[in-house]
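Structure data follow from data_39.csv (CSV, C-alpha atoms):
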chain,number,residue,atom,x,y,z
J,22,MET,CA,-11.6,-13.3,1.6
J,23,ASN,CA,-13.1,-16.8,1.2
J,24,ARG,CA,-15.3,-17.9,-1.7
J,25,ARG,CA,-18.6,-17.2,0.1
J,26,ASN,CA,-17.5,-13.7,0.9
J,27,ILE,CA,-16.3,-13.1,-2.6
J,28,LEU,CA,-19.7,-14.2,-4.0
J,29,LYS,CA,-21.5,-12.0,-1.5
J,30,GLY,CA,-19.2,-9.1,-2.2
J,31,ALA,CA,-19.4,-9.5,-5.9
J,32,SER,CA,-23.2,-9.5,-5.9
J,33,ALA,CA,-23.5,-6.5,-3.6
J,34,LEU,CA,-20.7,-4.5,-5.3
J,35,ALA,CA,-22.0,-5.2,-8.8
J,36,VAL,CA,-25.3,-3.6,-7.8
J,37,MET,CA,-23.5,-0.7,-6.1
J,38,GLY,CA,-21.4,-0.2,-9.2
J,39,THR,CA,-24.3,0.0,-11.6
J,40,MET,CA,-26.2,2.4,-9.4
J,41,ALA,CA,-23.2,4.7,-8.7
J,42,GLY,CA,-21.9,4.9,-12.3
J,43,VAL,CA,-23.0,8.4,-13.2
J,44,MET,CA,-26.1,7.2,-15.0
J,45,SER,CA,-29.4,8.7,-15.5
J,46,ALA,CA,-31.3,5.6,-16.6
J,47,THR,CA,-32.4,2.6,-14.7
J,48,ARG,CA,-30.6,-0.8,-14.9
J,49,SER,CA,-33.4,-2.3,-17.0
J,50,SER,CA,-33.5,0.6,-19.5
J,51,ILE,CA,-29.7,0.5,-19.9
J,52,ALA,CA,-29.7,-3.2,-20.5
J,53,SER,CA,-32.3,-3.0,-23.2
J,54,SER,CA,-31.6,-5.0,-26.4
J,55,SER,CA,-30.9,-1.8,-28.5
J,56,ASN,CA,-27.8,-0.9,-26.4
J,57,PRO,CA,-24.4,-2.1,-27.5
J,58,VAL,CA,-22.9,-5.0,-25.6
J,59,ILE,CA,-19.2,-4.8,-25.1
J,60,LYS,CA,-17.6,-8.1,-24.3
J,61,ILE,CA,-14.4,-7.9,-22.2
J,62,THR,CA,-12.1,-10.7,-21.3
J,63,ALA,CA,-10.0,-10.5,-18.1
J,64,GLN,CA,-6.9,-12.7,-18.0
J,65,ARG,CA,-3.7,-12.3,-16.1
J,66,PHE,CA,-2.5,-9.5,-16.7
J,67,ASN,CA,-4.7,-7.9,-19.3
J,68,PHE,CA,-8.2,-6.7,-20.1
J,69,THR,CA,-9.1,-7.3,-23.8
J,70,PRO,CA,-10.0,-4.9,-25.2
J,71,ASP,CA,-8.2,-2.4,-22.9
J,72,GLU,CA,-9.8,0.6,-24.4
J,73,ILE,CA,-13.6,1.1,-24.8
J,74,VAL,CA,-15.0,4.1,-26.6
J,75,LEU,CA,-18.5,5.5,-26.0
J,76,ARG,CA,-20.2,8.7,-26.7
J,77,SER,CA,-21.4,10.9,-23.9
J,78,GLY,CA,-24.8,9.7,-22.7
J,79,GLN,CA,-24.6,6.5,-24.7
J,80,ALA,CA,-25.9,3.5,-22.8
J,81,ALA,CA,-24.0,0.3,-23.1
J,82,VAL,CA,-23.6,-3.0,-21.3
J,83,LEU,CA,-20.2,-4.4,-20.3
J,84,GLU,CA,-20.1,-8.2,-20.3
J,85,ILE,CA,-16.8,-9.2,-18.6
J,86,THR,CA,-15.5,-12.7,-18.3
J,87,SER,CA,-12.5,-13.7,-16.3
J,88,LEU,CA,-10.7,-16.7,-17.6
J,89,ASP,CA,-8.3,-17.5,-14.7
J,90,PHE,CA,-8.7,-15.6,-11.4
J,91,VAL,CA,-11.1,-13.6,-9.3
J,92,HIS,CA,-10.0,-10.3,-10.8
J,93,GLY,CA,-11.4,-7.1,-9.7
J,94,PHE,CA,-13.0,-4.6,-12.1
J,95,LYS,CA,-13.0,-1.0,-10.9
J,96,ILE,CA,-13.6,2.4,-12.6
J,97,PRO,CA,-12.8,4.6,-9.6
J,98,ASP,CA,-14.1,7.9,-11.2
J,99,LEU,CA,-17.5,6.3,-12.0
J,100,GLY,CA,-17.9,4.5,-8.6
J,101,ILE,CA,-18.0,1.1,-10.3
J,102,ARG,CA,-16.4,-2.0,-8.9
J,103,THR,CA,-17.1,-5.7,-8.8
J,104,ASP,CA,-15.3,-9.0,-8.5
J,105,LEU,CA,-15.1,-11.1,-11.7
J,106,LEU,CA,-15.7,-14.7,-10.9
J,107,PRO,CA,-13.9,-17.1,-13.4
J,108,GLY,CA,-16.3,-18.8,-15.8
J,109,ARG,CA,-19.2,-16.3,-15.2
J,110,VAL,CA,-20.2,-13.4,-17.2
J,111,THR,CA,-20.4,-10.2,-15.1
J,112,THR,CA,-22.8,-7.7,-16.5
J,113,ILE,CA,-22.3,-4.0,-15.9
J,114,PRO,CA,-24.8,-1.5,-17.5
J,115,ILE,CA,-23.2,1.9,-17.9
J,116,ARG,CA,-24.2,5.3,-19.3
J,117,PRO,CA,-21.3,7.8,-18.7
J,118,LEU,CA,-22.4,11.4,-19.1
J,119,ALA,CA,-19.2,13.4,-18.8
J,120,PRO,CA,-16.6,13.2,-21.6
J,121,GLY,CA,-13.2,12.1,-20.5
J,122,ARG,CA,-10.9,9.2,-20.0
J,123,TYR,CA,-11.8,6.9,-17.2
J,124,ILE,CA,-9.2,4.4,-16.0
J,125,PHE,CA,-10.4,0.9,-15.2
J,126,LEU,CA,-8.2,-1.6,-13.4
J,127,CYS,CA,-8.0,-4.9,-11.7
J,128,ASP,CA,-8.0,-4.2,-7.9
J,129,ASN,CA,-7.5,-7.7,-6.7
J,130,PHE,CA,-3.8,-8.5,-6.5
J,131,CYS,CA,-3.4,-11.2,-9.1
J,132,GLY,CA,0.4,-11.7,-9.5
J,133,GLY,CA,3.5,-10.3,-11.0
J,134,GLY,CA,1.8,-8.2,-13.7
J,135,HIS,CA,-1.0,-7.0,-11.6
J,136,GLU,CA,0.2,-3.4,-11.8
J,137,ASP,CA,-0.2,-3.5,-15.6
J,138,MET,CA,-3.7,-4.8,-15.6
J,139,ASN,CA,-5.7,-1.8,-16.5
J,140,GLY,CA,-7.4,0.0,-19.4
J,141,ALA,CA,-9.5,3.1,-20.2
J,142,LEU,CA,-13.1,3.9,-21.0
J,143,VAL,CA,-12.9,6.9,-23.4
J,144,VAL,CA,-16.1,9.0,-23.4
J,145,SER,CA,-16.3,11.4,-26.4
J,146,GLN,CA,-18.7,14.3,-26.9
A,3,MET,CA,30.5,6.5,9.7
A,4,LEU,CA,27.9,8.9,10.7
A,5,ASP,CA,27.6,10.0,14.3
A,6,ARG,CA,24.5,11.4,15.9
A,7,ARG,CA,25.5,15.0,15.5
A,8,ASP,CA,26.3,14.4,11.8
A,9,PHE,CA,23.0,12.7,11.4
A,10,LEU,CA,21.1,15.7,12.8
A,11,LYS,CA,23.1,18.1,10.6
A,12,LEU,CA,22.3,15.9,7.6
A,13,ALA,CA,18.7,15.9,8.6
A,14,ALA,CA,18.7,19.6,8.7
A,15,VAL,CA,20.2,20.1,5.2
A,16,GLY,CA,19.3,17.0,3.4
A,17,GLY,CA,15.6,16.4,3.4
A,18,GLY,CA,14.9,16.1,7.1
A,19,VAL,CA,11.2,16.8,7.5
A,20,VAL,CA,9.7,17.8,10.8
A,21,PHE,CA,6.1,17.0,11.5
A,22,ALA,CA,4.3,18.4,14.6
A,23,SER,CA,2.0,15.5,14.7
A,24,ALA,CA,1.3,13.1,17.4
A,25,LEU,CA,3.3,13.6,20.5
A,26,GLN,CA,2.0,16.0,23.0
A,27,GLY,CA,5.3,17.5,23.8
A,28,ARG,CA,6.1,18.8,27.2
A,29,ALA,CA,3.2,17.2,28.9
A,30,LEU,CA,4.4,13.8,27.8
A,31,ALA,CA,8.0,14.6,28.7
A,32,ALA,CA,6.9,15.6,32.1
A,33,ALA,CA,5.0,12.3,32.4
A,34,GLY,CA,8.3,10.5,31.9
A,35,TYR,CA,8.2,9.6,28.2
A,36,ASP,CA,11.7,9.2,26.6
A,37,GLU,CA,12.9,10.4,23.3
A,38,PHE,CA,13.8,7.6,20.9
A,39,PHE,CA,14.2,6.9,17.2
A,40,PHE,CA,13.5,4.0,14.9
A,41,VAL,CA,14.3,3.2,11.3
A,42,GLN,CA,11.7,2.4,8.6
A,43,LEU,CA,12.7,0.4,5.5
A,44,SER,CA,10.2,-0.7,2.9
A,45,ASP,CA,9.5,-2.5,-0.4
A,46,SER,CA,12.8,-4.4,-0.7
A,47,HIS,CA,11.1,-6.7,-3.3
A,48,TRP,CA,13.8,-9.4,-2.9
A,49,GLY,CA,13.6,-11.7,-5.9
A,50,TYR,CA,12.8,-8.9,-8.4
A,51,SER,CA,14.6,-9.1,-11.7
A,52,GLY,CA,14.1,-6.5,-14.4
A,53,PRO,CA,15.3,-3.3,-16.0
A,54,ALA,CA,14.0,-1.1,-13.1
A,55,ASN,CA,17.0,-2.3,-11.0
A,56,PRO,CA,19.7,-4.3,-12.7
A,57,GLN,CA,21.5,-4.4,-9.3
A,58,ALA,CA,18.5,-6.0,-7.6
A,59,ASP,CA,20.6,-8.7,-5.9
A,60,THR,CA,22.8,-6.2,-4.0
A,61,THR,CA,20.5,-3.3,-3.0
A,62,LEU,CA,19.1,-4.9,0.1
A,63,ARG,CA,22.5,-5.8,1.4
A,64,THR,CA,23.7,-2.3,0.7
A,65,ALA,CA,20.7,-0.9,2.7
A,66,VAL,CA,21.5,-3.2,5.6
A,67,ALA,CA,25.1,-2.0,5.6
A,68,SER,CA,23.9,1.6,5.4
A,69,VAL,CA,21.7,1.2,8.5
A,70,ASN,CA,24.6,-0.6,10.3
A,71,ALA,CA,26.8,2.3,9.5
A,72,LEU,CA,24.7,4.7,11.6
A,73,ALA,CA,26.9,5.6,14.6
A,74,THR,CA,23.9,5.6,16.9
A,75,GLN,CA,21.7,2.6,16.3
A,76,PRO,CA,17.9,3.0,16.4
A,77,ASP,CA,15.8,1.5,19.2
A,78,PHE,CA,14.1,-0.7,16.6
A,79,ILE,CA,13.7,-1.2,12.8
A,80,VAL,CA,10.5,-1.8,10.9
A,81,PHE,CA,10.0,-3.1,7.4
A,82,THR,CA,6.7,-2.0,6.0
A,83,GLY,CA,6.0,-4.8,3.6
A,84,ASP,CA,6.8,-6.2,0.1
A,85,LEU,CA,9.8,-7.8,1.7
A,86,THR,CA,9.9,-10.0,-1.5
A,87,HIS,CA,8.7,-9.8,-5.0
A,88,THR,CA,5.7,-11.9,-5.9
A,89,THR,CA,5.9,-15.3,-7.5
A,90,ASP,CA,3.3,-17.9,-8.4
A,91,ASP,CA,5.5,-20.7,-7.1
A,92,SER,CA,4.9,-21.2,-3.4
A,93,ALA,CA,8.3,-22.9,-2.9
A,94,GLU,CA,10.1,-20.0,-4.5
A,95,ARG,CA,8.0,-17.6,-2.3
A,96,ARG,CA,9.4,-19.3,0.8
A,97,ARG,CA,12.9,-19.3,-0.7
A,98,ARG,CA,12.7,-15.6,-1.2
A,99,LEU,CA,11.3,-14.9,2.3
A,100,ILE,CA,14.0,-17.0,3.8
A,101,ALA,CA,16.7,-15.3,1.8
A,102,PHE,CA,15.3,-11.9,2.8
A,103,ARG,CA,15.3,-13.0,6.5
A,104,ASP,CA,18.9,-14.2,6.2
A,105,ILE,CA,20.1,-10.9,4.8
A,106,VAL,CA,18.4,-8.7,7.4
A,107,LYS,CA,19.8,-10.9,10.2
A,108,GLU,CA,23.0,-8.9,9.5
A,109,LEU,CA,21.4,-5.8,11.0
A,110,LYS,CA,23.1,-4.8,14.2
A,111,VAL,CA,19.8,-4.0,15.8
A,112,LYS,CA,18.0,-7.2,16.6
A,113,ASN,CA,14.6,-5.6,17.5
A,114,VAL,CA,13.2,-5.8,14.0
A,115,ARG,CA,9.5,-5.7,13.2
A,116,PHE,CA,8.0,-7.0,10.0
A,117,MET,CA,4.7,-7.0,8.1
A,118,PRO,CA,3.8,-8.3,4.7
A,119,GLY,CA,3.0,-6.5,1.5
A,120,GLU,CA,0.7,-7.8,-1.2
A,121,HIS,CA,3.7,-9.2,-3.0
A,122,ASP,CA,4.5,-11.4,0.1
A,123,ALA,CA,1.0,-12.4,1.1
A,124,SER,CA,-1.8,-11.8,-1.3
A,125,LEU,CA,-1.5,-14.9,-3.4
A,126,ASP,CA,-1.6,-17.3,-0.5
A,127,SER,CA,-3.5,-15.3,2.1
A,128,GLY,CA,-0.2,-14.8,4.0
A,129,MET,CA,0.4,-18.5,4.6
A,130,ALA,CA,4.2,-18.6,3.8
A,131,TYR,CA,4.7,-15.2,5.5
A,132,LYS,CA,3.1,-16.4,8.7
A,133,GLU,CA,5.2,-19.6,8.8
A,134,LEU,CA,8.4,-17.6,8.6
A,135,PHE,CA,7.6,-14.3,10.3
A,136,GLY,CA,4.5,-14.8,12.5
A,137,GLU,CA,1.3,-12.8,12.7
A,138,THR,CA,0.5,-10.2,10.1
A,139,HIS,CA,-1.2,-7.8,12.5
A,140,TYR,CA,-0.1,-7.1,16.1
A,141,SER,CA,0.7,-4.3,18.5
A,142,PHE,CA,3.5,-3.4,20.9
A,143,ASP,CA,4.5,-0.6,23.2
A,144,HIS,CA,7.8,1.3,23.2
A,145,LYS,CA,8.7,4.1,25.6
A,146,GLY,CA,5.2,5.2,26.1
A,147,VAL,CA,4.1,5.0,22.4
A,148,HIS,CA,1.6,2.4,21.3
A,149,PHE,CA,2.5,0.8,17.9
A,150,VAL,CA,-0.1,-1.1,15.8
A,151,VAL,CA,0.7,-3.1,12.7
A,152,LEU,CA,-2.3,-3.5,10.4
A,153,ASP,CA,-2.5,-6.1,7.6
A,154,ASN,CA,-4.2,-4.7,4.5
A,155,VAL,CA,-2.6,-7.1,2.0
A,156,SER,CA,-3.3,-10.7,2.9
A,157,ASP,CA,-6.7,-10.2,1.3
A,158,PRO,CA,-6.0,-9.7,-2.4
A,159,GLY,CA,-8.8,-7.2,-2.5
A,160,ALA,CA,-6.9,-5.0,0.0
A,161,ASN,CA,-9.5,-5.3,2.8
A,162,ILE,CA,-8.4,-5.2,6.4
A,163,GLY,CA,-11.5,-7.1,7.1
A,164,GLU,CA,-14.1,-7.0,9.9
A,165,ALA,CA,-12.2,-9.5,12.2
A,166,GLN,CA,-9.1,-7.3,12.2
A,167,LEU,CA,-11.0,-4.1,12.6
A,168,GLN,CA,-12.7,-5.6,15.7
A,169,TRP,CA,-9.3,-6.6,16.9
A,170,LEU,CA,-8.1,-3.0,16.4
A,171,LYS,CA,-11.0,-1.6,18.4
A,172,ALA,CA,-10.4,-4.1,21.2
A,173,ASP,CA,-6.6,-3.4,21.2
A,174,LEU,CA,-7.1,0.4,21.3
A,175,ALA,CA,-9.7,0.1,24.1
A,176,LEU,CA,-6.9,-1.1,26.4
A,177,ILE,CA,-4.9,2.2,26.1
A,178,LYS,CA,-5.7,5.7,27.3
A,179,LYS,CA,-6.7,8.1,24.5
A,180,THR,CA,-3.8,10.3,25.5
A,181,VAL,CA,-1.2,7.6,24.6
A,182,PRO,CA,0.5,8.5,21.3
A,183,LEU,CA,-0.4,6.0,18.6
A,184,VAL,CA,1.8,5.0,15.6
A,185,VAL,CA,0.3,2.7,12.9
A,186,PHE,CA,2.3,0.7,10.4
A,187,THR,CA,0.6,-0.5,7.2
A,188,HIS,CA,1.7,-1.5,3.8
A,189,ARG,CA,-0.9,0.2,1.6
A,190,PRO,CA,-2.1,3.7,2.4
A,191,LEU,CA,-5.2,3.7,4.5
A,192,PHE,CA,-6.7,6.6,2.6
A,193,ASP,CA,-7.6,6.8,-1.1
A,194,LEU,CA,-4.3,8.2,-2.4
A,195,ALA,CA,-4.7,7.1,-6.0
A,196,PRO,CA,-7.4,4.4,-6.4
A,197,ALA,CA,-6.9,4.3,-10.2
A,198,TRP,CA,-3.4,3.0,-9.4
A,199,ASP,CA,-4.6,0.7,-6.7
A,200,TRP,CA,-3.0,2.9,-4.1
A,201,ALA,CA,-5.7,2.5,-1.5
A,202,THR,CA,-7.2,0.2,1.1
A,203,ARG,CA,-10.7,-0.9,0.3
A,204,ASP,CA,-12.0,-0.6,3.8
A,205,GLY,CA,-9.3,1.8,5.0
A,206,ALA,CA,-11.9,4.4,5.9
A,207,LYS,CA,-13.2,2.1,8.6
A,208,ALA,CA,-9.8,1.9,10.2
A,209,ILE,CA,-9.4,5.6,10.0
A,210,GLU,CA,-12.8,6.1,11.7
A,211,ILE,CA,-11.6,3.8,14.6
A,212,LEU,CA,-8.3,5.7,14.8
A,213,MET,CA,-9.9,9.2,14.7
A,214,VAL,CA,-11.1,9.0,18.3
A,215,HIS,CA,-7.5,9.0,19.3
A,216,PRO,CA,-6.0,12.5,19.3
A,217,ASN,CA,-2.4,11.5,18.6
A,218,VAL,CA,-2.1,9.2,15.5
A,219,THR,CA,0.6,8.9,12.9
A,220,VAL,CA,0.7,6.3,10.1
A,221,PHE,CA,3.9,5.1,8.4
A,222,TYR,CA,3.4,3.0,5.3
A,223,GLY,CA,5.1,1.8,2.0
A,224,HIS,CA,3.6,0.4,-1.2
A,225,ILE,CA,4.1,3.5,-3.4
A,226,HIS,CA,7.9,3.5,-3.5
A,227,GLN,CA,8.3,7.2,-2.7
A,228,GLU,CA,8.1,9.7,0.1
A,229,HIS,CA,4.6,11.2,0.4
A,230,HIS,CA,3.0,13.1,3.2
A,231,GLN,CA,-0.7,13.6,3.7
A,232,GLN,CA,-3.1,14.5,6.5
A,233,THR,CA,-6.7,13.1,7.0
A,234,GLY,CA,-8.3,15.0,9.8
A,235,HIS,CA,-5.7,15.1,12.5
A,236,ILE,CA,-4.0,11.9,11.4
A,237,PHE,CA,-0.7,12.2,9.5
A,238,HIS,CA,0.3,9.6,6.8
A,239,HIS,CA,3.9,9.2,5.7
A,240,SER,CA,5.0,6.8,3.0
A,241,ALA,CA,8.6,5.6,2.6
A,242,LYS,CA,10.9,5.1,-0.3
A,243,SER,CA,11.6,1.6,-1.8
A,244,LEU,CA,14.8,-0.4,-1.7
A,245,MET,CA,14.3,-1.7,-5.2
A,246,PHE,CA,12.9,0.9,-7.6
A,247,PRO,CA,11.1,4.2,-7.4
A,248,LEU,CA,7.6,4.7,-8.8
A,249,PRO,CA,6.2,8.0,-10.3
A,250,ALA,CA,4.3,10.6,-8.3
A,251,PRO,CA,0.6,9.7,-7.9
A,252,MET,CA,-1.2,10.0,-11.3
A,253,SER,CA,1.7,11.9,-12.8
A,254,GLN,CA,1.9,9.7,-15.9
A,255,PRO,CA,-0.6,7.4,-17.7
A,256,LYS,CA,0.8,4.1,-16.2
A,257,ARG,CA,2.3,3.4,-12.7
A,258,THR,CA,5.5,2.0,-14.3
A,259,PRO,CA,8.8,2.2,-12.4
A,260,LEU,CA,10.9,5.2,-13.1
A,261,PRO,CA,13.8,4.4,-15.5
A,262,TRP,CA,17.0,3.1,-13.9
A,263,ASP,CA,19.9,5.6,-14.2
A,264,PRO,CA,23.3,3.8,-14.5
A,265,ALA,CA,25.0,7.1,-13.4
A,266,GLN,CA,23.0,7.1,-10.2
A,267,PRO,CA,22.0,3.4,-9.7
A,268,ASN,CA,20.4,4.0,-6.2
A,269,LYS,CA,18.5,7.2,-7.2
A,270,GLY,CA,15.1,7.3,-5.6
A,271,LEU,CA,15.9,4.5,-3.2
A,272,GLY,CA,16.3,5.0,0.5
A,273,PHE,CA,15.3,4.5,4.1
A,274,ARG,CA,14.3,6.8,6.9
A,275,GLU,CA,14.8,7.6,10.5
A,276,ILE,CA,11.9,8.7,12.6
A,277,GLU,CA,12.9,10.5,15.8
A,278,ALA,CA,10.2,10.9,18.4
A,279,GLU,CA,11.0,14.3,19.9
A,280,VAL,CA,9.0,14.2,23.0
A,281,SER,CA,10.4,17.4,24.3
A,282,ASP,CA,8.9,19.6,21.6
A,283,GLY,CA,6.1,17.2,20.4
A,284,ARG,CA,7.4,16.5,16.9
A,285,TYR,CA,8.4,13.6,14.8
A,286,LYS,CA,11.6,14.3,12.9
A,287,ILE,CA,11.7,12.3,9.7
A,288,SER,CA,15.0,12.1,8.0
A,289,GLU,CA,15.5,10.5,4.6
A,290,PHE,CA,18.7,8.6,3.8
A,291,PRO,CA,20.0,7.3,0.5
A,292,VAL,CA,21.1,3.7,0.1
A,293,GLY,CA,24.8,3.3,0.1
A,294,LYS,CA,26.0,6.8,1.0
A,295,VAL,CA,25.8,6.9,4.8
Could the structure of this file be written out as structure tokens, please?
Amino acid sequence: MNRRNILKGASALAVMGTMAGVMSATRSSIASSSNPVIKITAQRFNFTPDEIVLRSGQAAVLEITSLDFVHGFKIPDLGIRTDLLPGRVTTIPIRPLAPGRYIFLCDNFCGGGHEDMNGALVVSQ
Amino acid sequence: MLDRRDFLKLAAVGGGVVFASALQGRALAAAGYDEFFFVQLSDSHWGYSGPANPQADTTLRTAVASVNALATQPDFIVFTGDLTHTTDDSAERRRRLIAFRDIVKELKVKNVRFMPGEHDASLDSGMAYKELFGETHYSFDHKGVHFVVLDNVSDPGANIGEAQLQWLKADLALIKKTVPLVVFTHRPLFDLAPAWDWATRDGAKAIEILMVHPNVTVFYGHIHQEHHQQTGHIFHHSAKSLMFPLPAPMSQPKRTPLPWDPAQPNKGLGFREIEAEVSDGRYKISEFPVGKV
């Protein structure tokens, strides 16, 4: 995967992710100023924070910044995935409806601790 | 020393699994196909150091000795990736790959096929691997079966990629649909556990290409345990590791290695024989422990 393909893929997949993420609202309504913005840092081999808590139906915006690598960000059960380009803020509007614990992970192999680079989105009632 | 009869007996009582999958049995036998068997080893992670296997510097050598102890040697041996454990240091990566290559040179069988895992290839797009082992995807034929090695690890995003998918189509266009097809990959081609990164991002495209062939069986590694699944008419069989076992898919919160047991240091490790039983149209898969053959 060269840089051009990564950029193309990141752009396309970010859109796919926001559309597929069990949301009932449009991107613009989710990203409105009244919704919480959750800032996440990705750095080998951690997401910080690695647990995000939302209420069911609560809209929020994830702003993820990678500090060192083209990490992936994937929430398989919400159909969300994108590449995280170092130095750029990747914005992912979400509105999870069903309560539960949704694992997110880096899905671009990034080194010896890659298997530990994950976290959870906890959606309460 | 285990002779062929003992092996079959062991297979019968000790975890030998029979899959009526790809081969078309008597029709193929009548057409002149031979029975044969090969050995699959996987995930040796040479260079690993940690609590999951305090004997990490001996396990691969023990496995080589175990394979060499088989009274009847296989037609060929395949390593399905993660030959070495990853490192950020490119010189160290080469040292590990060379050390691995030197150890497996001791195998009696010299027809040995390799492919990379993400630990070997993802951080440098397979550069060091290619220098030392050659192409990361290729095909070959053996006694009437067509074997395809697919690389789903050189891209850190676990894509096979369009170029390789086109190559696969072109390669398969050269064989008759009736020819049995065996595919070797490192990662599962299907979504076994995406939350644990046990998947291939564009694996569905490869499966779609393979689906037009009636006789397809996939052998892979990556998940450090035996696992058997079917997608459509395609069988997928994963192999144990030679370094540390991993938990069953999604059976615990994290995919951390299973704890090492000093009383049974090689527990959960092993290799397998795959016997192509052309006469009755089955693959016999027999699992072997490391160090007890």
**Item:** Atomic separation - atom CA of A:Tyr222 relative to atom CA of A:Ala201, Å
**Value:**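 So the two atoms, atom CA of A:Ala201 and atom CA of A:Tyr222, lie 11.4 Å apart.
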**Asked** Separation of atom CA of A:Ser46 and atom CA of J:Arg65, in Å?
**Response** 23.9 Å
**Request:** Go ahead and compute the interatomic distance for atom CA of J:Asp137 and atom CA of J:Glu84, in Å to one decimal.
**Result:** 21.0 Å
**Request:** Could you check which of J:Gly93, J:Phe125, J:Arg102, J:Thr111 is closest to J:Pro70, using all atoms listed in the file?
**Result:** J:Phe125
**Request:** Considering only C-alpha atoms, state which residue in the set J:Val110, J:Val144, J:Leu99, J:Ala63 is at the smallest distance from chain A.
**Result:**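 The closest residue to chain A is J:Leu99.
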